[in-house]
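Since the structure comes first, as structure tokens, the remarks are kept for the end.
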Amino acid sequence: MTVSPFLKSCAMGTREESRLVVARLVPEPATAQVLAGERAATGVWAYNGSVPGPVLRARQGDRLRVEVENRLDEATTVHWHGIRVPNAMDGVPLITQPPIEPGERFVYEFALLDAGTYWYHPHQRSHEQSGRGLNGALIVEEHEPIRVDREMVWLLQDWRLDQQGEIVGPFRDPFDVTHAGRIGNVITVNGRPPAPLRVRAGERIRLRIINAANARIFGLEFRGHRPNTIALDGQPVAPHEVPGDKLVLGPAMRADLVIDFQGLPGSRFEVHDTFYPRLSRKLLDIVYSDDPPLRSSPPEWPIALRANPTTEPDMKRAQRHEIVFSGGMMGNMRGLPRGMAWAINGQAASCATGRPFDPLLWLKRGETCVLRLVNDTAWPHPIHLHGHVFRLLARNDRPALHREWLDTVLLHARETAEIAFVADNPGDWMFHCHVLEHQEGGMMACVRVA
Ligand code: C2O
Ligand code: CU
């Protein structure tokens with residue numbers, strides 16, 4: 001059964017536009033038509049019976065209240081990826097809340113400080129729970145959205161299925177843990193086989209792309225088109241054309257694109273995913289209708305978004321730390337506890353151990369922190385910090401062109417990056433690789449802000 005996520009939304013308080021948006025999420029076993037056509041349906045775990053879960057939508061400044069009722073056979077939580085929530089609402093089992101046991105409920109409630117493209121997923125055994133389909137988009141609209149003809153969300157998932165369409169186990173396969181993570185063999189867009197993107201000549205679309213895969217990195221090429229990036233990880237960025245015409249999104253990362261469809265009526269183009277040369281393939285077609293162009297040249301409407309209320313790092317008084325990511329195949333795994341393959345500054349930790357772990361960093365509330373992230377491994381890692389957003393300052397010691405705000409930064413093999421943020425949200429915050437098998441395999445730490 002599909003449950004509508006929204007119970008109600010009502011005006012609240014004196015500010016007319018600030019509302020309480022109430023929704024309900026029920027994680028449960030379900031079936032979904034992941035494969036094309038007449039093929040068999042796939043047994044999945046789903047929020048409200050659908051993969052991905054429902055798109056939750058609210059407006060910046062609203063409060064979101066989500067009641068979660070766990071109908072799985074195992075405990076779960078929900079993490080609101082990229083949202084700067086109070087610590088108790090962050091959905092990390094044993095650290096910010098007790099796991100929601102089967103049959104139990106938990107109510108999350110928080111204010112939406114930032115507009116943008118976010119998503120939600122379990123933080124309890126997320127490698128299996130998210131890998132079986134538990135994830136969904138959370139869209140926070142601007143008070144004055146930019147003008148476009150249409151807006152769309154693409155939530156990308158990656159499945160490892162057999163011929164019959166069933167999910168192939170095991171999760172946490174030792175090979176996946178020590179290599180690139182669980183990369184699948186079937187990609188879906190919004191839970192379905194990628195369908196053609198049907199457009200009208202001249203139209204402008206805002207496309208919100210979310211990489212909800214466990215491990216797959218996407219490199220999307222919109223052949224014949226020049227998308228502009230206007231936000232990364234939900235945070236506005238100075239609009240710029242996608243570098244090298246390839247949008248690279250690691251697990252958990254998001255991009256908001258503005259695309260002007262300037263092809264001729266009746267024409268066709270292709271979107272390819274070319275991140276892994278060996279796995280390069282067409283994702284879908286862009287198909288123009290025969291209708292006459294909506295307009296003859298791209299509209300003049302501005303595409304820059306207004307900044308979110310993030311606090312600018314104070315670089316002069318910053319505290320600096322070096323964080324080294326190590327381990328994995330072709331790396332140093334010596335001295336790590338059994339089953340662990342990765343470490344952050346020499347320490348391997350994961351939620352699987354079932355006990356809280358010692359903070360990697362202790363930060364004073366309000367202080368600026370600059371982290372030099374060193375990927376001392378042969379593998380890429382999308383590194384995510386909870387509760388905060390950070391500015392990307394540099395990569396391999398070269399200043400970042402856009403100094404973008406992010407919540408997840410993709411470190412390529414042997415790459416370094418420098419990030420800065422103001423530790424303005426008190427609590428214990430997870431800091432981990434978002435390749436979920438790496439996270440399970442020890443690439444996780446905790447940053448304490450007090
Ligand atoms: Cu998307 Cu620690 O999470
Ligand atoms: Cu990793």
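FYI, nothing fancy with the structure tokens labels: chains A, B, ... in order, residues from 1 per chain, ligands from 1 as they appear.
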### Task
Please give me, as number ranges by chain, the residues lying within 10 Å of ligand 2 when counting only C-alpha atoms and all ligand atoms.
A: 177-181, 215, 251, 325-328, 342-343, 375, 377, 379-383, 410-413, 432-444
Just write the chosen residues, N, CA and C atoms, as an mmCIF file, in the first residue's frame.
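As written to disk, out_13.cif reads:
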data_model
loop_
_atom_site.group_PDB
_atom_site.id
_atom_site.type_symbol
_atom_site.label_atom_id
_atom_site.label_comp_id
_atom_site.auth_asym_id
_atom_site.auth_seq_id
_atom_site.Cartn_x
_atom_site.Cartn_y
_atom_site.Cartn_z
ATOM 1 N N VAL A 177 33.764 -4.077 0.413
ATOM 2 C CA VAL A 177 34.246 -3.246 1.527
ATOM 3 C C VAL A 177 35.670 -2.773 1.266
ATOM 4 N N THR A 178 36.522 -3.657 0.733
ATOM 5 C CA THR A 178 37.935 -3.298 0.579
ATOM 6 C C THR A 178 38.240 -2.638 -0.767
ATOM 7 N N HIS A 179 37.264 -2.644 -1.687
ATOM 8 C CA HIS A 179 37.493 -2.024 -2.997
ATOM 9 C C HIS A 179 36.587 -0.800 -3.156
ATOM 10 N N ALA A 180 35.857 -0.706 -4.261
ATOM 11 C CA ALA A 180 35.105 0.521 -4.566
ATOM 12 C C ALA A 180 33.715 0.568 -3.951
ATOM 13 N N GLY A 181 33.360 -0.404 -3.095
ATOM 14 C CA GLY A 181 32.010 -0.429 -2.551
ATOM 15 C C GLY A 181 31.099 -1.255 -3.435
ATOM 16 N N ALA A 215 27.498 3.330 -3.707
ATOM 17 C CA ALA A 215 28.919 3.440 -4.022
ATOM 18 C C ALA A 215 29.215 4.010 -5.396
ATOM 19 N N PRO A 251 28.504 9.399 -4.332
ATOM 20 C CA PRO A 251 27.372 9.044 -3.494
ATOM 21 C C PRO A 251 27.028 10.154 -2.514
ATOM 22 N N PHE A 325 42.941 9.784 5.447
ATOM 23 C CA PHE A 325 42.116 8.602 5.181
ATOM 24 C C PHE A 325 43.026 7.523 4.616
ATOM 25 N N SER A 326 42.971 6.340 5.216
ATOM 26 C CA SER A 326 43.893 5.292 4.780
ATOM 27 C C SER A 326 43.177 3.952 4.719
ATOM 28 N N GLY A 327 43.901 2.961 4.179
ATOM 29 C CA GLY A 327 43.386 1.597 4.144
ATOM 30 C C GLY A 327 42.942 1.173 2.761
ATOM 31 N N GLY A 328 42.163 0.094 2.728
ATOM 32 C CA GLY A 328 41.645 -0.421 1.471
ATOM 33 C C GLY A 328 42.647 -1.285 0.738
ATOM 34 N N TRP A 342 39.365 0.302 6.686
ATOM 35 C CA TRP A 342 39.665 1.711 6.449
ATOM 36 C C TRP A 342 39.854 2.421 7.779
ATOM 37 N N ALA A 343 40.560 3.539 7.730
ATOM 38 C CA ALA A 343 40.765 4.291 8.966
ATOM 39 C C ALA A 343 40.821 5.785 8.693
ATOM 40 N N ASN A 375 43.634 11.992 1.117
ATOM 41 C CA ASN A 375 43.225 10.648 0.721
ATOM 42 C C ASN A 375 44.472 9.826 0.406
ATOM 43 N N THR A 377 44.783 6.740 -0.127
ATOM 44 C CA THR A 377 44.330 5.424 -0.598
ATOM 45 C C THR A 377 44.257 5.440 -2.119
ATOM 46 N N TRP A 379 41.585 4.738 -3.764
ATOM 47 C CA TRP A 379 40.159 4.743 -4.083
ATOM 48 C C TRP A 379 39.552 6.115 -3.847
ATOM 49 N N PRO A 380 38.486 6.447 -4.585
ATOM 50 C CA PRO A 380 37.792 7.712 -4.308
ATOM 51 C C PRO A 380 36.881 7.588 -3.095
ATOM 52 N N HIS A 381 36.755 8.677 -2.347
ATOM 53 C CA HIS A 381 35.887 8.703 -1.168
ATOM 54 C C HIS A 381 35.100 10.005 -1.100
ATOM 55 N N PRO A 382 33.772 9.926 -1.098
ATOM 56 C CA PRO A 382 32.952 11.110 -0.850
ATOM 57 C C PRO A 382 32.827 11.309 0.668
ATOM 58 N N ILE A 383 33.464 12.336 1.185
ATOM 59 C CA ILE A 383 33.536 12.525 2.635
ATOM 60 C C ILE A 383 32.461 13.504 3.089
ATOM 61 N N LEU A 410 34.065 15.015 -2.695
ATOM 62 C CA LEU A 410 34.612 13.812 -3.312
ATOM 63 C C LEU A 410 36.132 13.945 -3.424
ATOM 64 N N LEU A 411 36.835 13.050 -2.730
ATOM 65 C CA LEU A 411 38.295 13.001 -2.824
ATOM 66 C C LEU A 411 38.661 11.880 -3.775
ATOM 67 N N HIS A 412 39.307 12.221 -4.859
ATOM 68 C CA HIS A 412 39.773 11.170 -5.759
ATOM 69 C C HIS A 412 41.003 10.499 -5.151
ATOM 70 N N ALA A 413 41.421 9.381 -5.740
ATOM 71 C CA ALA A 413 42.550 8.634 -5.192
ATOM 72 C C ALA A 413 43.754 9.555 -5.023
ATOM 73 N N HIS A 432 32.207 10.937 7.773
ATOM 74 C CA HIS A 432 32.468 9.604 7.221
ATOM 75 C C HIS A 432 32.450 9.579 5.708
ATOM 76 N N CYS A 433 32.963 8.493 5.184
ATOM 77 C CA CYS A 433 32.866 8.249 3.746
ATOM 78 C C CYS A 433 31.451 7.797 3.434
ATOM 79 N N HIS A 434 30.881 8.322 2.340
ATOM 80 C CA HIS A 434 29.517 7.958 1.972
ATOM 81 C C HIS A 434 29.458 6.797 0.979
ATOM 82 N N VAL A 435 30.595 6.176 0.684
ATOM 83 C CA VAL A 435 30.527 4.838 0.089
ATOM 84 C C VAL A 435 30.160 3.967 1.284
ATOM 85 N N LEU A 436 28.933 3.463 1.285
ATOM 86 C CA LEU A 436 28.394 2.928 2.541
ATOM 87 C C LEU A 436 29.154 1.702 3.025
ATOM 88 N N GLU A 437 29.766 0.970 2.098
ATOM 89 C CA GLU A 437 30.587 -0.185 2.497
ATOM 90 C C GLU A 437 31.899 0.280 3.133
ATOM 91 N N HIS A 438 32.400 1.431 2.723
ATOM 92 C CA HIS A 438 33.600 1.970 3.380
ATOM 93 C C HIS A 438 33.242 2.464 4.782
ATOM 94 N N GLN A 439 32.092 3.110 4.877
ATOM 95 C CA GLN A 439 31.626 3.576 6.191
ATOM 96 C C GLN A 439 31.516 2.382 7.152
ATOM 97 N N GLU A 440 30.901 1.295 6.665
ATOM 98 C CA GLU A 440 30.783 0.080 7.469
ATOM 99 C C GLU A 440 32.144 -0.508 7.803
ATOM 100 N N GLY A 441 33.077 -0.325 6.886
ATOM 101 C CA GLY A 441 34.398 -0.908 7.033
ATOM 102 C C GLY A 441 35.370 -0.040 7.818
ATOM 103 N N GLY A 442 34.859 0.981 8.510
ATOM 104 C CA GLY A 442 35.713 1.719 9.443
ATOM 105 C C GLY A 442 35.952 3.175 9.106
ATOM 106 N N MET A 443 35.523 3.632 7.914
ATOM 107 C CA MET A 443 35.847 5.006 7.524
ATOM 108 C C MET A 443 34.802 5.976 8.054
ATOM 109 N N MET A 444 34.814 6.078 9.383
ATOM 110 C CA MET A 444 33.817 6.896 10.048
ATOM 111 C C MET A 444 34.435 7.437 11.318
#
### Message
Taking 3 positions as the minimum chain separation for residues in the same chain, which residues sit within 9 Å of Glu69 of chain A when counting only C-alpha atoms? Answer as number ranges by chain.
### Response
A: 24-27, 100, 102-107
Please dump the current selection as an mmCIF file, in the first residue's frame; keep all heavy atoms.
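So the final result, stored in out_33.cif, reads:
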data_model
loop_
_atom_site.group_PDB
_atom_site.id
_atom_site.type_symbol
_atom_site.label_atom_id
_atom_site.label_comp_id
_atom_site.auth_asym_id
_atom_site.auth_seq_id
_atom_site.Cartn_x
_atom_site.Cartn_y
_atom_site.Cartn_z
ATOM 1 N N ARG A 24 4.598 11.556 7.111
ATOM 2 C CA ARG A 24 4.746 10.256 7.749
ATOM 3 C C ARG A 24 5.541 9.351 6.826
ATOM 4 O O ARG A 24 5.291 9.310 5.618
ATOM 5 C CB ARG A 24 3.346 9.680 7.945
ATOM 6 C CG ARG A 24 3.229 8.595 8.942
ATOM 7 C CD ARG A 24 1.722 8.472 9.228
ATOM 8 N NE ARG A 24 1.280 7.150 8.833
ATOM 9 C CZ ARG A 24 1.361 6.088 9.634
ATOM 10 N NH1 ARG A 24 1.851 6.203 10.843
ATOM 11 N NH2 ARG A 24 0.949 4.918 9.220
ATOM 12 N N LEU A 25 6.507 8.668 7.378
ATOM 13 C CA LEU A 25 7.283 7.705 6.591
ATOM 14 C C LEU A 25 7.193 6.343 7.256
ATOM 15 O O LEU A 25 7.432 6.217 8.464
ATOM 16 C CB LEU A 25 8.753 8.126 6.498
ATOM 17 C CG LEU A 25 9.096 9.348 5.645
ATOM 18 C CD1 LEU A 25 10.587 9.653 5.749
ATOM 19 C CD2 LEU A 25 8.692 9.153 4.182
ATOM 20 N N VAL A 26 6.844 5.350 6.461
ATOM 21 C CA VAL A 26 6.735 3.984 6.969
ATOM 22 C C VAL A 26 7.684 3.083 6.186
ATOM 23 O O VAL A 26 7.379 2.681 5.061
ATOM 24 C CB VAL A 26 5.278 3.472 6.845
ATOM 25 C CG1 VAL A 26 5.171 2.038 7.381
ATOM 26 C CG2 VAL A 26 4.314 4.404 7.556
ATOM 27 N N PRO A 27 8.860 2.784 6.732
ATOM 28 C CA PRO A 27 9.741 1.829 6.059
ATOM 29 C C PRO A 27 9.202 0.423 6.225
ATOM 30 O O PRO A 27 8.842 0.018 7.341
ATOM 31 C CB PRO A 27 11.083 2.004 6.789
ATOM 32 C CG PRO A 27 10.755 2.620 8.102
ATOM 33 C CD PRO A 27 9.454 3.364 7.950
ATOM 34 N N ILE A 100 15.128 2.967 16.140
ATOM 35 C CA ILE A 100 13.678 2.745 16.158
ATOM 36 C C ILE A 100 13.465 1.248 15.933
ATOM 37 O O ILE A 100 13.717 0.736 14.839
ATOM 38 C CB ILE A 100 12.968 3.548 15.050
ATOM 39 C CG1 ILE A 100 13.453 5.002 15.028
ATOM 40 C CG2 ILE A 100 11.457 3.470 15.219
ATOM 41 C CD1 ILE A 100 13.004 5.783 13.784
ATOM 42 N N PRO A 102 11.588 -2.483 15.487
ATOM 43 C CA PRO A 102 10.411 -2.883 14.689
ATOM 44 C C PRO A 102 9.121 -2.608 15.464
ATOM 45 O O PRO A 102 9.038 -2.894 16.653
ATOM 46 C CB PRO A 102 10.628 -4.385 14.488
ATOM 47 C CG PRO A 102 12.109 -4.579 14.596
ATOM 48 C CD PRO A 102 12.591 -3.547 15.573
ATOM 49 N N GLY A 103 8.157 -2.019 14.788
ATOM 50 C CA GLY A 103 6.875 -1.711 15.418
ATOM 51 C C GLY A 103 6.866 -0.399 16.176
ATOM 52 O O GLY A 103 5.811 0.072 16.588
ATOM 53 N N GLU A 104 8.033 0.212 16.360
ATOM 54 C CA GLU A 104 8.080 1.465 17.124
ATOM 55 C C GLU A 104 8.015 2.684 16.214
ATOM 56 O O GLU A 104 8.134 2.594 15.003
ATOM 57 C CB GLU A 104 9.349 1.512 17.978
ATOM 58 C CG GLU A 104 9.270 0.565 19.156
ATOM 59 C CD GLU A 104 10.436 0.734 20.132
ATOM 60 O OE1 GLU A 104 11.354 1.528 19.849
ATOM 61 O OE2 GLU A 104 10.413 0.042 21.154
ATOM 62 N N ARG A 105 7.812 3.838 16.884
ATOM 63 C CA ARG A 105 7.742 5.105 16.148
ATOM 64 C C ARG A 105 8.749 6.083 16.695
ATOM 65 O O ARG A 105 9.160 5.977 17.848
ATOM 66 C CB ARG A 105 6.359 5.764 16.353
ATOM 67 C CG ARG A 105 5.242 5.053 15.711
ATOM 68 C CD ARG A 105 3.919 5.464 16.386
ATOM 69 N NE ARG A 105 2.923 4.444 16.112
ATOM 70 C CZ ARG A 105 1.990 4.577 15.170
ATOM 71 N NH1 ARG A 105 1.872 5.692 14.486
ATOM 72 N NH2 ARG A 105 1.145 3.592 14.936
ATOM 73 N N PHE A 106 9.073 7.054 15.879
ATOM 74 C CA PHE A 106 9.927 8.155 16.323
ATOM 75 C C PHE A 106 9.488 9.379 15.539
ATOM 76 O O PHE A 106 9.184 9.290 14.354
ATOM 77 C CB PHE A 106 11.407 7.849 16.047
ATOM 78 C CG PHE A 106 12.357 8.852 16.667
ATOM 79 C CD1 PHE A 106 12.844 8.659 17.946
ATOM 80 C CD2 PHE A 106 12.750 9.991 15.950
ATOM 81 C CE1 PHE A 106 13.726 9.588 18.520
ATOM 82 C CE2 PHE A 106 13.621 10.923 16.513
ATOM 83 C CZ PHE A 106 14.110 10.719 17.800
ATOM 84 N N VAL A 107 9.420 10.519 16.218
ATOM 85 C CA VAL A 107 9.010 11.739 15.532
ATOM 86 C C VAL A 107 10.206 12.680 15.406
ATOM 87 O O VAL A 107 10.821 13.052 16.406
ATOM 88 C CB VAL A 107 7.852 12.447 16.276
ATOM 89 C CG1 VAL A 107 7.460 13.731 15.549
ATOM 90 C CG2 VAL A 107 6.656 11.511 16.418
#
### Protein and nucleic acid residues within 7 Å of ligand 1 (only C-alpha atoms and all ligand atoms) as number ranges by chain
A: 79, 81, 121, 123, 252, 384, 386, 430-432, 434
Would you list the contacts of segment 262-269 of chain A as a PDB file with N, CA and C atoms, in the first residue's frame, taking every protein, DNA or RNA residue within 7 Å and counting only C-alpha atoms, but skipping same-chain residues closer than 5 positions in sequence?
ATOM      1  N   ALA A 201      11.336  22.335 -27.494  1.00  0.00           N
ATOM      2  CA  ALA A 201      12.410  23.244 -27.900  1.00  0.00           C
ATOM      3  C   ALA A 201      12.213  24.599 -27.216  1.00  0.00           C
ATOM      4  N   GLY A 202      13.298  25.145 -26.702  1.00  0.00           N
ATOM      5  CA  GLY A 202      13.252  26.472 -26.077  1.00  0.00           C
ATOM      6  C   GLY A 202      12.981  26.446 -24.599  1.00  0.00           C
ATOM      7  N   ARG A 223      24.795  15.410 -23.782  1.00  0.00           N
ATOM      8  CA  ARG A 223      25.354  15.686 -25.107  1.00  0.00           C
ATOM      9  C   ARG A 223      24.508  16.710 -25.860  1.00  0.00           C
ATOM     10  N   GLY A 224      25.195  17.683 -26.455  1.00  0.00           N
ATOM     11  CA  GLY A 224      24.491  18.718 -27.224  1.00  0.00           C
ATOM     12  C   GLY A 224      23.895  19.813 -26.361  1.00  0.00           C
ATOM     13  N   ASP A 285      17.666   9.120 -23.252  1.00  0.00           N
ATOM     14  CA  ASP A 285      17.581  10.035 -24.397  1.00  0.00           C
ATOM     15  C   ASP A 285      16.877  11.324 -24.001  1.00  0.00           C
ATOM     16  N   ILE A 286      17.296  12.391 -24.630  1.00  0.00           N
ATOM     17  CA  ILE A 286      16.533  13.645 -24.562  1.00  0.00           C
ATOM     18  C   ILE A 286      15.751  13.717 -25.864  1.00  0.00           C
ATOM     19  N   VAL A 287      14.444  13.750 -25.785  1.00  0.00           N
ATOM     20  CA  VAL A 287      13.605  13.701 -26.981  1.00  0.00           C
ATOM     21  C   VAL A 287      12.800  14.991 -27.094  1.00  0.00           C
ATOM     22  N   TYR A 288      13.051  15.739 -28.160  1.00  0.00           N
ATOM     23  CA  TYR A 288      12.314  16.989 -28.393  1.00  0.00           C
ATOM     24  C   TYR A 288      10.993  16.698 -29.092  1.00  0.00           C
ATOM     25  N   SER A 289       9.941  17.329 -28.636  1.00  0.00           N
ATOM     26  CA  SER A 289       8.647  17.193 -29.313  1.00  0.00           C
ATOM     27  C   SER A 289       8.694  17.969 -30.628  1.00  0.00           C
ATOM     28  N   ASP A 290       7.662  17.754 -31.465  1.00  0.00           N
ATOM     29  CA  ASP A 290       7.603  18.471 -32.743  1.00  0.00           C
ATOM     30  C   ASP A 290       7.023  19.866 -32.589  1.00  0.00           C
ATOM     31  N   ASP A 291       6.605  20.220 -31.381  1.00  0.00           N
ATOM     32  CA  ASP A 291       6.008  21.544 -31.181  1.00  0.00           C
ATOM     33  C   ASP A 291       7.004  22.644 -31.542  1.00  0.00           C
ATOM     34  N   PRO A 292       6.509  23.749 -32.026  1.00  0.00           N
ATOM     35  CA  PRO A 292       7.413  24.863 -32.348  1.00  0.00           C
ATOM     36  C   PRO A 292       8.092  25.360 -31.076  1.00  0.00           C
ATOM     37  N   PRO A 293       9.303  25.928 -31.214  1.00  0.00           N
ATOM     38  CA  PRO A 293      10.041  26.367 -30.027  1.00  0.00           C
ATOM     39  C   PRO A 293       9.220  27.339 -29.175  1.00  0.00           C
TER      40      PRO A 293
END
### Query
Per DSSP on the backbone, what are the strand (DSSP E) residues of segment 38-181 of chain A, as a count of residues only?
49
#### Entry: Which of segment 60-156 of chain A fall in helix (DSSP H, G or I), as an MDAnalysis selection string
chainID A and resid 87:89 126:129
For the selection just defined, write its residues with N, CA, C and O atoms to a file, as a JSON list (two decimals), in the first residue's frame.
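Final output, again-v1.json:
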[["chain", "number", "residue", "atom", "x", "y", "z"],
["A", 87, "ASN", "N", 21.14, 18.32, 16.94],
["A", 87, "ASN", "CA", 21.79, 17.00, 17.03],
["A", 87, "ASN", "C", 20.81, 15.86, 17.29],
["A", 87, "ASN", "O", 20.93, 14.78, 16.69],
["A", 88, "ALA", "N", 19.83, 16.08, 18.16],
["A", 88, "ALA", "CA", 18.92, 14.99, 18.54],
["A", 88, "ALA", "C", 18.04, 14.53, 17.38],
["A", 88, "ALA", "O", 17.40, 13.48, 17.45],
["A", 89, "MET", "N", 18.01, 15.30, 16.30],
["A", 89, "MET", "CA", 17.17, 14.97, 15.13],
["A", 89, "MET", "C", 17.99, 14.39, 13.98],
["A", 89, "MET", "O", 17.49, 14.21, 12.88],
["A", 126, "SER", "N", 22.98, 1.37, 7.07],
["A", 126, "SER", "CA", 22.50, 2.04, 5.85],
["A", 126, "SER", "C", 22.99, 1.35, 4.59],
["A", 126, "SER", "O", 22.33, 1.41, 3.56],
["A", 127, "HIS", "N", 24.14, 0.66, 4.65],
["A", 127, "HIS", "CA", 24.62, -0.02, 3.44],
["A", 127, "HIS", "C", 23.58, -1.01, 2.92],
["A", 127, "HIS", "O", 23.39, -1.15, 1.73],
["A", 128, "GLU", "N", 22.88, -1.69, 3.83],
["A", 128, "GLU", "CA", 21.83, -2.61, 3.37],
["A", 128, "GLU", "C", 20.48, -1.91, 3.25],
["A", 128, "GLU", "O", 19.76, -2.10, 2.27],
["A", 129, "GLN", "N", 20.13, -1.08, 4.23],
["A", 129, "GLN", "CA", 18.79, -0.47, 4.21],
["A", 129, "GLN", "C", 18.63, 0.50, 3.04],
["A", 129, "GLN", "O", 17.62, 0.47, 2.33]]
Counting only C-alpha atoms, which residues of segment 148-221 of chain A fall within 12 Å of segment 297-320 of chain A, and what is the closest atom pair for each with its distance in Å at one decimal, ordered by chain and rising number, as a tab-separated table?
residue	atom	partner	partner_atom	distance
A:Val148	CA	A:Trp301	CA	8.0
A:Asp149	CA	A:Pro299	CA	10.1
A:Ala201	CA	A:Ser297	CA	9.9
A:Gly202	CA	A:Pro298	CA	6.7
A:Glu203	CA	A:Pro298	CA	8.0
A:Arg204	CA	A:Pro298	CA	7.6
A:Ile205	CA	A:Ile303	CA	11.0
A:Arg206	CA	A:Ile303	CA	9.6
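Counting from atom CA of Val22 of chain A, the distance to atom CA of Glu142 of chain A is 18.6 Å.
The two atoms in question, atom CA of Trp154 of chain A and atom CA of Ser280 of chain A, are spaced 19.1 Å apart.
When only C-alpha atoms are used to compute distances to Asn135 of chain A, the closest of the residues A:Pro5, A:Gly331, A:Pro52, A:Gly234 turns out to be A:Pro52.
Nearest residue to Ser296 of chain A, choosing from A:Gln157, A:Ile323, A:Arg200, A:Leu385 and counting only C-alpha atoms: A:Arg200.
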#### Entry: Residues within 7 Å of segment 160-176 of chain A, only C-alpha atoms, excluding chain neighbours under 5 positions, as an MDAnalysis selection string
chainID A and resid 35 40:43 128 181:182 184:186 437
Dump N, CA and C atoms for the selected residues as a PDB file, in the first residue's frame?
ATOM      1  N   LEU A  35      13.017  -3.219 -12.819  1.00  0.00           N
ATOM      2  CA  LEU A  35      13.415  -3.577 -14.182  1.00  0.00           C
ATOM      3  C   LEU A  35      12.347  -3.136 -15.168  1.00  0.00           C
ATOM      4  N   ALA A  40      10.070  -9.254 -13.993  1.00  0.00           N
ATOM      5  CA  ALA A  40       9.550  -9.458 -12.644  1.00  0.00           C
ATOM      6  C   ALA A  40       9.804  -8.242 -11.757  1.00  0.00           C
ATOM      7  N   ALA A  41       8.922  -8.073 -10.781  1.00  0.00           N
ATOM      8  CA  ALA A  41       9.115  -7.006  -9.806  1.00  0.00           C
ATOM      9  C   ALA A  41      10.199  -7.433  -8.816  1.00  0.00           C
ATOM     10  N   THR A  42      10.791  -6.447  -8.157  1.00  0.00           N
ATOM     11  CA  THR A  42      11.903  -6.683  -7.242  1.00  0.00           C
ATOM     12  C   THR A  42      11.425  -6.521  -5.794  1.00  0.00           C
ATOM     13  N   GLY A  43      11.846  -7.446  -4.936  1.00  0.00           N
ATOM     14  CA  GLY A  43      11.561  -7.280  -3.512  1.00  0.00           C
ATOM     15  C   GLY A  43      12.493  -6.210  -2.951  1.00  0.00           C
ATOM     16  N   GLU A 128      22.878  -1.686   3.834  1.00  0.00           N
ATOM     17  CA  GLU A 128      21.835  -2.608   3.369  1.00  0.00           C
ATOM     18  C   GLU A 128      20.478  -1.909   3.246  1.00  0.00           C
ATOM     19  N   GLY A 181      33.360  -0.404  -3.095  1.00  0.00           N
ATOM     20  CA  GLY A 181      32.010  -0.429  -2.551  1.00  0.00           C
ATOM     21  C   GLY A 181      31.099  -1.255  -3.435  1.00  0.00           C
ATOM     22  N   ARG A 182      29.826  -1.301  -3.045  1.00  0.00           N
ATOM     23  CA  ARG A 182      28.864  -2.121  -3.771  1.00  0.00           C
ATOM     24  C   ARG A 182      28.358  -1.362  -4.998  1.00  0.00           C
ATOM     25  N   GLY A 184      26.480  -1.558  -8.497  1.00  0.00           N
ATOM     26  CA  GLY A 184      25.456  -2.472  -9.000  1.00  0.00           C
ATOM     27  C   GLY A 184      25.486  -2.637 -10.505  1.00  0.00           C
ATOM     28  N   ASN A 185      24.402  -3.197 -11.042  1.00  0.00           N
ATOM     29  CA  ASN A 185      24.328  -3.425 -12.481  1.00  0.00           C
ATOM     30  C   ASN A 185      23.056  -2.853 -13.098  1.00  0.00           C
ATOM     31  N   VAL A 186      22.212  -2.217 -12.288  1.00  0.00           N
ATOM     32  CA  VAL A 186      20.984  -1.607 -12.809  1.00  0.00           C
ATOM     33  C   VAL A 186      20.843  -0.221 -12.184  1.00  0.00           C
ATOM     34  N   GLU A 437      29.766   0.970   2.098  1.00  0.00           N
ATOM     35  CA  GLU A 437      30.587  -0.185   2.497  1.00  0.00           C
ATOM     36  C   GLU A 437      31.899   0.280   3.133  1.00  0.00           C
TER      37      GLU A 437
END
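If you look at atom CA of His388 of chain A and atom CA of Val21 of chain A, they are 22.7 Å away from each other.
Nearest residue to Lys282 of chain A, choosing from A:Leu72, A:Val370, A:Leu392, A:Leu220 and counting only C-alpha atoms: A:Leu220.
Here the question is which of A:Phe357, A:Phe390, A:Trp429, A:Phe6 gets nearest to Ala417 of chain A using only C-alpha atoms, and that residue is A:Phe390.
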### Task
Mind checking which residues fall within 8 Å of Tyr108 of chain A, counting only C-alpha atoms, ignoring those fewer than 2 positions away in the same chain, and posting them as a PyMOL selection string?
chain A and resi 64-68+89+106+110
Write the selection just made, keeping N, CA, C and O atoms, as a short mmCIF file (atom, residue, chain, number, x, y, z; two decimals), in the first residue's frame?
data_model
loop_
_atom_site.label_atom_id
_atom_site.label_comp_id
_atom_site.auth_asym_id
_atom_site.auth_seq_id
_atom_site.Cartn_x
_atom_site.Cartn_y
_atom_site.Cartn_z
N LEU A 64 9.57 21.04 9.72
CA LEU A 64 9.16 19.76 9.16
C LEU A 64 9.02 18.79 10.32
O LEU A 64 9.93 18.68 11.16
N ARG A 65 7.88 18.13 10.40
CA ARG A 65 7.69 17.08 11.41
C ARG A 65 7.40 15.78 10.68
O ARG A 65 6.43 15.72 9.91
N VAL A 66 8.23 14.78 10.89
CA VAL A 66 8.03 13.50 10.20
C VAL A 66 7.90 12.40 11.23
O VAL A 66 8.82 12.17 12.03
N GLU A 67 6.76 11.75 11.21
CA GLU A 67 6.58 10.60 12.07
C GLU A 67 7.03 9.35 11.31
O GLU A 67 6.56 9.11 10.20
N VAL A 68 7.94 8.61 11.91
CA VAL A 68 8.44 7.40 11.27
C VAL A 68 7.91 6.19 12.03
O VAL A 68 8.04 6.11 13.25
N MET A 89 18.01 15.30 16.30
CA MET A 89 17.17 14.97 15.13
C MET A 89 17.99 14.39 13.98
O MET A 89 17.49 14.21 12.88
N PHE A 106 9.07 7.05 15.88
CA PHE A 106 9.93 8.15 16.32
C PHE A 106 9.49 9.38 15.54
O PHE A 106 9.18 9.29 14.35
N PHE A 110 12.17 19.55 12.99
CA PHE A 110 13.24 20.55 12.92
C PHE A 110 12.84 21.67 11.96
O PHE A 110 11.98 21.49 11.10
#
